[in-house]
Amino acid sequence: MNICVFLSAADLDERYTRPAQEFAKLLGKGGHTLVWGGSDVGLMKVVADGVQEAGGRLAGVSVQFLAAKARPGVDEMVIAKDLAERKKLLLERADAVVIMVGGTGTLDEATEILELKKHGHTDKPVVLLNTAGFYDGLKEQFRRMDAEGFLPRPLTDLVFFAEEPVGAMAYLEESRGIE
């Protein structure tokens, strides 16, 4: 499976890096390919290192203004002209999406895939990995949107909330019929 991971490129605390490493190892050991923003810094590097060490493949999609931070020695690297093209290419390559901790860029990527699902333009499984309760507020906001009629489809059809990496990977593999 090609698993797109949206996440931060910032250097973060162990409470965020440890679960990211755990998910990366599950991804690599499962024989999956990491599809990610291609950066060799911060949490993006942590995940890419973990996937590579566990035997998984790396498919990066960087962007021209960040090309200097692109990870060398990957299985595939594409340089997009801008962020919109990068998002499009990441989603095209993905069989599934995992949203890890991140900032405004990660939030933008997350809402785009959920908007596509909401309108029936994709049926790819999407997992929001709520590491250390990072997305508790967003989860509550999504639930309110669902309860108050802002979503034409049930929230459970759009996204699966996982508190731990093993639950995220189990959901993805189950949704794709992998045992």
# chains A, B, ... in the order shown; residues from 1 in each chain; ligands from 1
call {"tool": "residues_around", "arguments": {"residues": "Ala132 in chain A", "least_positions_apart": "3", "cutoff": "8 Å", "atoms": "only C-alpha atoms", "output": "PDB file with C-alpha atoms, in the first residue's frame"}}
result
ATOM      1  CA  ARG A  15       6.017  12.666  22.824  1.00  0.00           C
ATOM      2  CA  TYR A  16       5.494  13.270  19.070  1.00  0.00           C
ATOM      3  CA  GLU A 163      -4.912   7.342  19.420  1.00  0.00           C
TER       4      GLU A 163
END
call {"tool": "select_by_dssp", "arguments": {"residues": "chain A", "states": "strand (DSSP E)", "output": "JSON, numbers by chain"}}
result
{"A": [2, 3, 4, 5, 6, 33, 34, 35, 36, 57, 58, 59, 60, 61, 62, 63, 76, 77, 78, 79, 80, 96, 97, 98, 99, 126, 127, 128, 129, 160, 161, 162]}
call {"tool": "closest_residue", "arguments": {"among": "A:Pro19, A:Gly120, A:Pro125, A:Gly137", "to": "Ala94 in chain A", "atoms": "only C-alpha atoms"}}
result
A:Pro125
call {"tool": "select_by_dssp", "arguments": {"residues": "chain A", "states": "alpha helix (DSSP H)", "output": "PyMOL selection string"}}
result
chain A and resi 14-29+42-53+83-93+104-118+136-147+155-158+165-175
call {"tool": "write_last_selection", "arguments": {"atoms": "C-alpha atoms", "output": "tab-separated table (two decimals), in the first residue's frame"}}
result
chain	number	residue	atom	x	y	z
A	14	GLU	CA	9.74	12.89	21.99
A	15	ARG	CA	6.02	12.67	22.82
A	16	TYR	CA	5.49	13.27	19.07
A	17	THR	CA	8.59	11.63	17.59
A	18	ARG	CA	8.28	8.29	19.45
A	19	PRO	CA	4.79	7.44	18.09
A	20	ALA	CA	5.85	8.66	14.63
A	21	GLN	CA	8.82	6.27	14.74
A	22	GLU	CA	6.50	3.46	15.85
A	23	PHE	CA	4.12	4.08	12.94
A	24	ALA	CA	7.06	4.31	10.52
A	25	LYS	CA	8.34	0.91	11.63
A	26	LEU	CA	4.88	-0.63	11.18
A	27	LEU	CA	4.68	0.90	7.71
A	28	GLY	CA	8.10	-0.39	6.68
A	29	LYS	CA	7.70	-3.85	8.19
A	42	GLY	CA	12.22	17.30	11.57
A	43	LEU	CA	9.38	14.83	11.96
A	44	MET	CA	9.43	14.13	8.21
A	45	LYS	CA	13.00	12.83	8.59
A	46	VAL	CA	12.08	10.79	11.68
A	47	VAL	CA	9.33	8.98	9.77
A	48	ALA	CA	11.40	8.47	6.61
A	49	ASP	CA	14.29	7.08	8.67
A	50	GLY	CA	11.97	4.65	10.44
A	51	VAL	CA	10.36	3.42	7.23
A	52	GLN	CA	13.70	2.97	5.49
A	53	GLU	CA	15.25	1.16	8.49
A	83	LEU	CA	2.13	23.53	-2.80
A	84	ALA	CA	-1.12	22.94	-4.71
A	85	GLU	CA	0.62	20.65	-7.20
A	86	ARG	CA	2.45	18.91	-4.35
A	87	LYS	CA	-0.85	18.10	-2.61
A	88	LYS	CA	-2.34	16.83	-5.85
A	89	LEU	CA	0.65	14.56	-6.54
A	90	LEU	CA	0.74	13.23	-2.97
A	91	LEU	CA	-2.95	12.33	-3.10
A	92	GLU	CA	-2.67	10.77	-6.58
A	93	ARG	CA	0.08	8.43	-5.38
A	104	THR	CA	-1.04	24.94	9.05
A	105	GLY	CA	0.35	23.03	6.06
A	106	THR	CA	-0.69	19.71	7.57
A	107	LEU	CA	-4.11	21.11	8.43
A	108	ASP	CA	-4.52	22.34	4.84
A	109	GLU	CA	-3.62	18.91	3.48
A	110	ALA	CA	-5.94	17.18	5.95
A	111	THR	CA	-8.96	19.33	5.13
A	112	GLU	CA	-8.39	18.89	1.39
A	113	ILE	CA	-8.56	15.09	1.53
A	114	LEU	CA	-11.60	15.25	3.82
A	115	GLU	CA	-13.32	17.68	1.43
A	116	LEU	CA	-12.65	15.30	-1.48
A	117	LYS	CA	-14.10	12.41	0.54
A	118	LYS	CA	-17.10	14.48	1.62
A	136	ASP	CA	-8.46	16.78	20.55
A	137	GLY	CA	-9.78	20.26	19.69
A	138	LEU	CA	-10.02	19.49	15.97
A	139	LYS	CA	-11.73	16.18	16.71
A	140	GLU	CA	-14.30	18.03	18.82
A	141	GLN	CA	-14.82	20.59	16.03
A	142	PHE	CA	-15.37	17.82	13.47
A	143	ARG	CA	-17.88	16.16	15.81
A	144	ARG	CA	-19.74	19.45	16.16
A	145	MET	CA	-19.80	19.89	12.37
A	146	ASP	CA	-21.25	16.40	12.09
A	147	ALA	CA	-23.83	16.85	14.88
A	155	LEU	CA	-17.93	11.85	10.14
A	156	THR	CA	-17.13	8.14	10.53
A	157	ASP	CA	-17.28	7.82	6.71
A	158	LEU	CA	-14.70	10.57	6.34
A	165	PRO	CA	0.09	4.00	15.73
A	166	VAL	CA	-0.89	0.31	15.90
A	167	GLY	CA	-4.58	1.25	15.70
A	168	ALA	CA	-3.92	3.51	12.72
A	169	MET	CA	-2.09	0.77	10.79
A	170	ALA	CA	-4.67	-1.88	11.71
A	171	TYR	CA	-7.46	0.33	10.37
A	172	LEU	CA	-5.60	1.00	7.10
A	173	GLU	CA	-4.74	-2.63	6.48
A	174	GLU	CA	-8.26	-3.79	7.35
A	175	SER	CA	-9.81	-1.16	5.08
call {"tool": "closest_residue", "arguments": {"among": "A:Val74, A:Thr33, A:Gly38, A:Phe161", "to": "Ser62 in chain A", "atoms": "only C-alpha atoms"}}
result
A:Gly38
call {"tool": "closest_residue", "arguments": {"among": "A:Ser8, A:Ser39, A:Asn2, A:Thr131", "to": "Arg57 in chain A", "atoms": "only C-alpha atoms"}}
result
A:Asn2
